[in-house]
Amino acid sequence: LRCSARGPPEPVRLLWLRDGTPQNRLGDPLGRSPSTLWVPGGGFGDILGAGLNRSSSFSCEAHNERGVATSRSATVT
């Protein structure tokens, strides 16, 4: 899954959510825009630890000095 956001103002940091639970911290490398969250089963690294064993809803939040904007959700089954 991919998320990208731009200001103004910069910098914009991203927070990934899985079923409403944060998957990273804003200061993590994953919080830089653009960001890619690898979902298990895609043949790449498993960023989600134990993996995806049920349907989950993913979204990302873009944070900067002016506030927060939230993406639409994507459901992965």
# chains A, B, ... in the order shown; residues from 1 in each chain; ligands from 1
>>> residues_around(residues="A:Ser35", least_positions_apart="3", cutoff="10 Å", atoms="only C-alpha atoms", output="PyMOL selection string")
chain A and resi 1-5+13-16+29-32+38+60
>>> write_last_selection(atoms="N, CA and C atoms", output="mmCIF file, in the first residue's frame")
data_model
loop_
_atom_site.group_PDB
_atom_site.id
_atom_site.type_symbol
_atom_site.label_atom_id
_atom_site.label_comp_id
_atom_site.auth_asym_id
_atom_site.auth_seq_id
_atom_site.Cartn_x
_atom_site.Cartn_y
_atom_site.Cartn_z
ATOM 1 N N LEU A 1 0.852 -1.162 0.000
ATOM 2 C CA LEU A 1 0.000 0.000 0.000
ATOM 3 C C LEU A 1 0.899 1.227 0.000
ATOM 4 N N ARG A 2 0.458 2.264 -0.708
ATOM 5 C CA ARG A 2 1.288 3.456 -0.849
ATOM 6 C C ARG A 2 0.519 4.692 -0.394
ATOM 7 N N CYS A 3 1.220 5.592 0.263
ATOM 8 C CA CYS A 3 0.630 6.839 0.734
ATOM 9 C C CYS A 3 1.616 7.963 0.461
ATOM 10 N N SER A 4 1.101 9.082 -0.014
ATOM 11 C CA SER A 4 1.939 10.231 -0.304
ATOM 12 C C SER A 4 1.179 11.494 0.073
ATOM 13 N N ALA A 5 1.872 12.455 0.650
ATOM 14 C CA ALA A 5 1.251 13.727 1.028
ATOM 15 C C ALA A 5 2.304 14.832 0.961
ATOM 16 N N ARG A 13 4.523 14.242 7.823
ATOM 17 C CA ARG A 13 4.873 12.903 8.307
ATOM 18 C C ARG A 13 3.646 12.012 8.229
ATOM 19 N N LEU A 14 3.847 10.736 7.948
ATOM 20 C CA LEU A 14 2.738 9.800 7.751
ATOM 21 C C LEU A 14 2.655 8.788 8.888
ATOM 22 N N LEU A 15 1.430 8.466 9.241
ATOM 23 C CA LEU A 15 1.159 7.442 10.237
ATOM 24 C C LEU A 15 0.252 6.406 9.584
ATOM 25 N N TRP A 16 0.708 5.157 9.523
ATOM 26 C CA TRP A 16 -0.095 4.073 8.965
ATOM 27 C C TRP A 16 -0.983 3.482 10.050
ATOM 28 N N PRO A 29 11.329 5.931 9.722
ATOM 29 C CA PRO A 29 11.519 6.071 8.276
ATOM 30 C C PRO A 29 10.233 5.816 7.486
ATOM 31 N N LEU A 30 9.368 4.922 7.984
ATOM 32 C CA LEU A 30 8.097 4.639 7.316
ATOM 33 C C LEU A 30 7.181 5.862 7.322
ATOM 34 N N GLY A 31 7.464 6.831 8.191
ATOM 35 C CA GLY A 31 6.651 8.030 8.284
ATOM 36 C C GLY A 31 6.997 9.106 7.272
ATOM 37 N N ARG A 32 8.002 8.872 6.451
ATOM 38 C CA ARG A 32 8.374 9.847 5.416
ATOM 39 C C ARG A 32 7.475 9.680 4.196
ATOM 40 N N TRP A 38 4.270 -2.618 3.222
ATOM 41 C CA TRP A 38 4.199 -3.933 2.580
ATOM 42 C C TRP A 38 3.262 -4.829 3.361
ATOM 43 N N CYS A 60 -3.884 5.862 6.017
ATOM 44 C CA CYS A 60 -2.741 6.616 6.510
ATOM 45 C C CYS A 60 -3.196 8.025 6.862
#
>>> residues_around(residues="A:Glu10", least_positions_apart="2", cutoff="10 Å", atoms="only C-alpha atoms", output="ChimeraX atom specification")
/A:5-8,12-13,63-66
>>> atom_distance(atom1="atom CA of A:Arg25", atom2="atom CA of A:Ala62")
12.0 Å
>>> select_by_dssp(residues="chain A", states="strand (DSSP E)", output="ChimeraX atom specification")
/A:2-3,13-18,21-22,35-36,56-64,67-70,74-76
>>> write_last_selection(atoms="N, CA, C and O atoms", output="mmCIF file, in the first residue's frame")
data_model
loop_
_atom_site.group_PDB
_atom_site.id
_atom_site.type_symbol
_atom_site.label_atom_id
_atom_site.label_comp_id
_atom_site.auth_asym_id
_atom_site.auth_seq_id
_atom_site.Cartn_x
_atom_site.Cartn_y
_atom_site.Cartn_z
ATOM 1 N N ARG A 2 0.458 2.264 -0.708
ATOM 2 C CA ARG A 2 1.288 3.456 -0.849
ATOM 3 C C ARG A 2 0.519 4.692 -0.394
ATOM 4 O O ARG A 2 -0.671 4.820 -0.654
ATOM 5 N N CYS A 3 1.220 5.592 0.263
ATOM 6 C CA CYS A 3 0.630 6.839 0.734
ATOM 7 C C CYS A 3 1.616 7.963 0.461
ATOM 8 O O CYS A 3 2.817 7.813 0.686
ATOM 9 N N ARG A 13 4.523 14.242 7.823
ATOM 10 C CA ARG A 13 4.873 12.903 8.307
ATOM 11 C C ARG A 13 3.646 12.012 8.229
ATOM 12 O O ARG A 13 2.518 12.484 8.420
ATOM 13 N N LEU A 14 3.847 10.736 7.948
ATOM 14 C CA LEU A 14 2.738 9.800 7.751
ATOM 15 C C LEU A 14 2.655 8.788 8.888
ATOM 16 O O LEU A 14 3.673 8.319 9.389
ATOM 17 N N LEU A 15 1.430 8.466 9.241
ATOM 18 C CA LEU A 15 1.159 7.442 10.237
ATOM 19 C C LEU A 15 0.252 6.406 9.584
ATOM 20 O O LEU A 15 -0.835 6.747 9.108
ATOM 21 N N TRP A 16 0.708 5.157 9.523
ATOM 22 C CA TRP A 16 -0.095 4.073 8.965
ATOM 23 C C TRP A 16 -0.983 3.482 10.050
ATOM 24 O O TRP A 16 -0.533 3.259 11.176
ATOM 25 N N LEU A 17 -2.242 3.199 9.695
ATOM 26 C CA LEU A 17 -3.189 2.592 10.620
ATOM 27 C C LEU A 17 -3.696 1.271 10.063
ATOM 28 O O LEU A 17 -4.013 1.177 8.870
ATOM 29 N N ARG A 18 -3.752 0.264 10.912
ATOM 30 C CA ARG A 18 -4.354 -1.033 10.563
ATOM 31 C C ARG A 18 -5.499 -1.240 11.537
ATOM 32 O O ARG A 18 -5.272 -1.338 12.751
ATOM 33 N N THR A 21 -5.309 1.013 14.461
ATOM 34 C CA THR A 21 -4.148 0.932 15.338
ATOM 35 C C THR A 21 -2.893 1.383 14.590
ATOM 36 O O THR A 21 -2.603 0.862 13.508
ATOM 37 N N PRO A 22 -2.138 2.336 15.142
ATOM 38 C CA PRO A 22 -0.914 2.790 14.469
ATOM 39 C C PRO A 22 0.071 1.647 14.243
ATOM 40 O O PRO A 22 0.259 0.791 15.112
ATOM 41 N N SER A 35 5.391 6.910 1.217
ATOM 42 C CA SER A 35 5.640 5.750 2.061
ATOM 43 C C SER A 35 4.927 4.533 1.501
ATOM 44 O O SER A 35 3.823 4.639 0.976
ATOM 45 N N THR A 36 5.559 3.373 1.630
ATOM 46 C CA THR A 36 4.955 2.117 1.198
ATOM 47 C C THR A 36 4.895 1.160 2.374
ATOM 48 O O THR A 36 5.905 0.914 3.031
ATOM 49 N N SER A 56 -8.302 -6.879 6.990
ATOM 50 C CA SER A 56 -7.909 -5.703 7.754
ATOM 51 C C SER A 56 -8.125 -4.462 6.914
ATOM 52 O O SER A 56 -8.008 -4.487 5.694
ATOM 53 N N SER A 57 -8.412 -3.374 7.601
ATOM 54 C CA SER A 57 -8.607 -2.079 6.964
ATOM 55 C C SER A 57 -7.372 -1.221 7.222
ATOM 56 O O SER A 57 -6.927 -1.107 8.370
ATOM 57 N N PHE A 58 -6.814 -0.640 6.168
ATOM 58 C CA PHE A 58 -5.619 0.185 6.274
ATOM 59 C C PHE A 58 -5.917 1.598 5.807
ATOM 60 O O PHE A 58 -6.693 1.815 4.877
ATOM 61 N N SER A 59 -5.290 2.563 6.457
ATOM 62 C CA SER A 59 -5.364 3.961 6.032
ATOM 63 C C SER A 59 -4.083 4.637 6.481
ATOM 64 O O SER A 59 -3.281 4.065 7.215
ATOM 65 N N CYS A 60 -3.884 5.862 6.017
ATOM 66 C CA CYS A 60 -2.741 6.616 6.510
ATOM 67 C C CYS A 60 -3.196 8.025 6.862
ATOM 68 O O CYS A 60 -4.157 8.548 6.292
ATOM 69 N N GLU A 61 -2.511 8.592 7.835
ATOM 70 C CA GLU A 61 -2.761 9.956 8.267
ATOM 71 C C GLU A 61 -1.548 10.796 7.900
ATOM 72 O O GLU A 61 -0.410 10.385 8.119
ATOM 73 N N ALA A 62 -1.797 11.987 7.354
ATOM 74 C CA ALA A 62 -0.728 12.935 7.062
ATOM 75 C C ALA A 62 -0.758 14.024 8.128
ATOM 76 O O ALA A 62 -1.792 14.652 8.355
ATOM 77 N N HIS A 63 0.363 14.212 8.805
ATOM 78 C CA HIS A 63 0.473 15.177 9.897
ATOM 79 C C HIS A 63 1.450 16.287 9.514
ATOM 80 O O HIS A 63 2.538 16.002 9.015
ATOM 81 N N ASN A 64 1.062 17.542 9.768
ATOM 82 C CA ASN A 64 2.000 18.655 9.693
ATOM 83 C C ASN A 64 1.552 19.718 10.694
ATOM 84 O O ASN A 64 0.643 19.472 11.499
ATOM 85 N N GLY A 67 -2.273 20.448 10.963
ATOM 86 C CA GLY A 67 -3.224 19.457 11.426
ATOM 87 C C GLY A 67 -3.011 18.087 10.820
ATOM 88 O O GLY A 67 -1.899 17.719 10.460
ATOM 89 N N VAL A 68 -4.121 17.354 10.673
ATOM 90 C CA VAL A 68 -4.094 15.957 10.229
ATOM 91 C C VAL A 68 -5.127 15.753 9.133
ATOM 92 O O VAL A 68 -6.247 16.248 9.235
ATOM 93 N N ALA A 69 -4.747 15.024 8.103
ATOM 94 C CA ALA A 69 -5.678 14.593 7.056
ATOM 95 C C ALA A 69 -5.589 13.079 6.977
ATOM 96 O O ALA A 69 -4.492 12.504 7.047
ATOM 97 N N THR A 70 -6.737 12.411 6.836
ATOM 98 C CA THR A 70 -6.786 10.955 6.809
ATOM 99 C C THR A 70 -7.215 10.475 5.433
ATOM 100 O O THR A 70 -8.165 10.999 4.846
ATOM 101 N N ALA A 74 -8.486 1.214 2.831
ATOM 102 C CA ALA A 74 -8.376 0.107 1.888
ATOM 103 C C ALA A 74 -8.491 -1.179 2.690
ATOM 104 O O ALA A 74 -7.794 -1.346 3.698
ATOM 105 N N THR A 75 -9.370 -2.073 2.278
ATOM 106 C CA THR A 75 -9.524 -3.347 2.972
ATOM 107 C C THR A 75 -8.755 -4.416 2.217
ATOM 108 O O THR A 75 -8.923 -4.571 1.006
ATOM 109 N N VAL A 76 -7.917 -5.135 2.945
ATOM 110 C CA VAL A 76 -7.123 -6.225 2.372
ATOM 111 C C VAL A 76 -7.650 -7.512 2.986
ATOM 112 O O VAL A 76 -7.771 -7.628 4.213
#
>>> atom_distance(atom1="atom CA of A:Arg54", atom2="atom CA of A:Gly20")
14.8 Å
>>> decode(residues="stretch 10-40 of chain A", atoms="N, CA and C atoms", output="compact mmCIF listing (two decimals), in the first residue's frame")
# COMPACT_ATOMS: atom_id res chain seq x y z
N GLU A 10 5.68 22.10 5.03
CA GLU A 10 6.51 20.91 5.16
C GLU A 10 7.18 20.96 6.52
N PRO A 11 7.60 19.88 7.11
CA PRO A 11 7.48 18.52 6.58
C PRO A 11 6.12 17.91 6.90
N VAL A 12 5.76 16.94 6.09
CA VAL A 12 4.58 16.13 6.32
C VAL A 12 5.05 14.75 6.74
N ARG A 13 4.52 14.24 7.82
CA ARG A 13 4.87 12.90 8.31
C ARG A 13 3.65 12.01 8.23
N LEU A 14 3.85 10.74 7.95
CA LEU A 14 2.74 9.80 7.75
C LEU A 14 2.66 8.79 8.89
N LEU A 15 1.43 8.47 9.24
CA LEU A 15 1.16 7.44 10.24
C LEU A 15 0.25 6.41 9.58
N TRP A 16 0.71 5.16 9.52
CA TRP A 16 -0.10 4.07 8.96
C TRP A 16 -0.98 3.48 10.05
N LEU A 17 -2.24 3.20 9.70
CA LEU A 17 -3.19 2.59 10.62
C LEU A 17 -3.70 1.27 10.06
N ARG A 18 -3.75 0.26 10.91
CA ARG A 18 -4.35 -1.03 10.56
C ARG A 18 -5.50 -1.24 11.54
N ASP A 19 -6.72 -1.25 11.03
CA ASP A 19 -7.91 -1.36 11.87
C ASP A 19 -7.89 -0.31 12.98
N GLY A 20 -7.39 0.88 12.65
CA GLY A 20 -7.37 1.99 13.59
C GLY A 20 -6.18 2.02 14.53
N THR A 21 -5.31 1.01 14.46
CA THR A 21 -4.15 0.93 15.34
C THR A 21 -2.89 1.38 14.59
N PRO A 22 -2.14 2.34 15.14
CA PRO A 22 -0.91 2.79 14.47
C PRO A 22 0.07 1.65 14.24
N GLN A 23 0.71 1.66 13.07
CA GLN A 23 1.69 0.64 12.71
C GLN A 23 3.11 1.19 12.72
N ASN A 24 3.25 2.48 12.93
CA ASN A 24 4.57 3.12 12.99
C ASN A 24 4.46 4.37 13.84
N ARG A 25 5.59 5.01 14.05
CA ARG A 25 5.64 6.31 14.72
C ARG A 25 5.96 7.37 13.67
N LEU A 26 5.56 8.60 13.94
CA LEU A 26 5.77 9.66 12.96
C LEU A 26 7.25 9.88 12.65
N GLY A 27 8.13 9.60 13.60
CA GLY A 27 9.56 9.79 13.39
C GLY A 27 10.26 8.64 12.69
N ASP A 28 9.57 7.52 12.49
CA ASP A 28 10.16 6.36 11.83
C ASP A 28 10.39 6.65 10.35
N PRO A 29 11.33 5.93 9.72
CA PRO A 29 11.52 6.07 8.28
C PRO A 29 10.23 5.82 7.49
N LEU A 30 9.37 4.92 7.98
CA LEU A 30 8.10 4.64 7.32
C LEU A 30 7.18 5.86 7.32
N GLY A 31 7.46 6.83 8.19
CA GLY A 31 6.65 8.03 8.28
C GLY A 31 7.00 9.11 7.27
N ARG A 32 8.00 8.87 6.45
CA ARG A 32 8.37 9.85 5.42
C ARG A 32 7.48 9.68 4.20
N SER A 33 7.13 10.80 3.59
CA SER A 33 6.29 10.75 2.39
C SER A 33 7.18 10.85 1.15
N PRO A 34 6.94 10.01 0.13
CA PRO A 34 5.94 8.94 0.04
C PRO A 34 6.37 7.72 0.85
N SER A 35 5.39 6.91 1.22
CA SER A 35 5.64 5.75 2.06
C SER A 35 4.93 4.53 1.50
N THR A 36 5.56 3.37 1.63
CA THR A 36 4.96 2.12 1.20
C THR A 36 4.89 1.16 2.37
N LEU A 37 3.72 0.64 2.64
CA LEU A 37 3.51 -0.36 3.68
C LEU A 37 3.34 -1.70 2.98
N TRP A 38 4.27 -2.62 3.22
CA TRP A 38 4.20 -3.93 2.58
C TRP A 38 3.26 -4.83 3.36
N VAL A 39 2.30 -5.39 2.66
CA VAL A 39 1.33 -6.30 3.29
C VAL A 39 1.80 -7.72 3.05
N PRO A 40 1.80 -8.58 4.07
CA PRO A 40 2.27 -9.96 3.91
C PRO A 40 1.57 -10.68 2.77
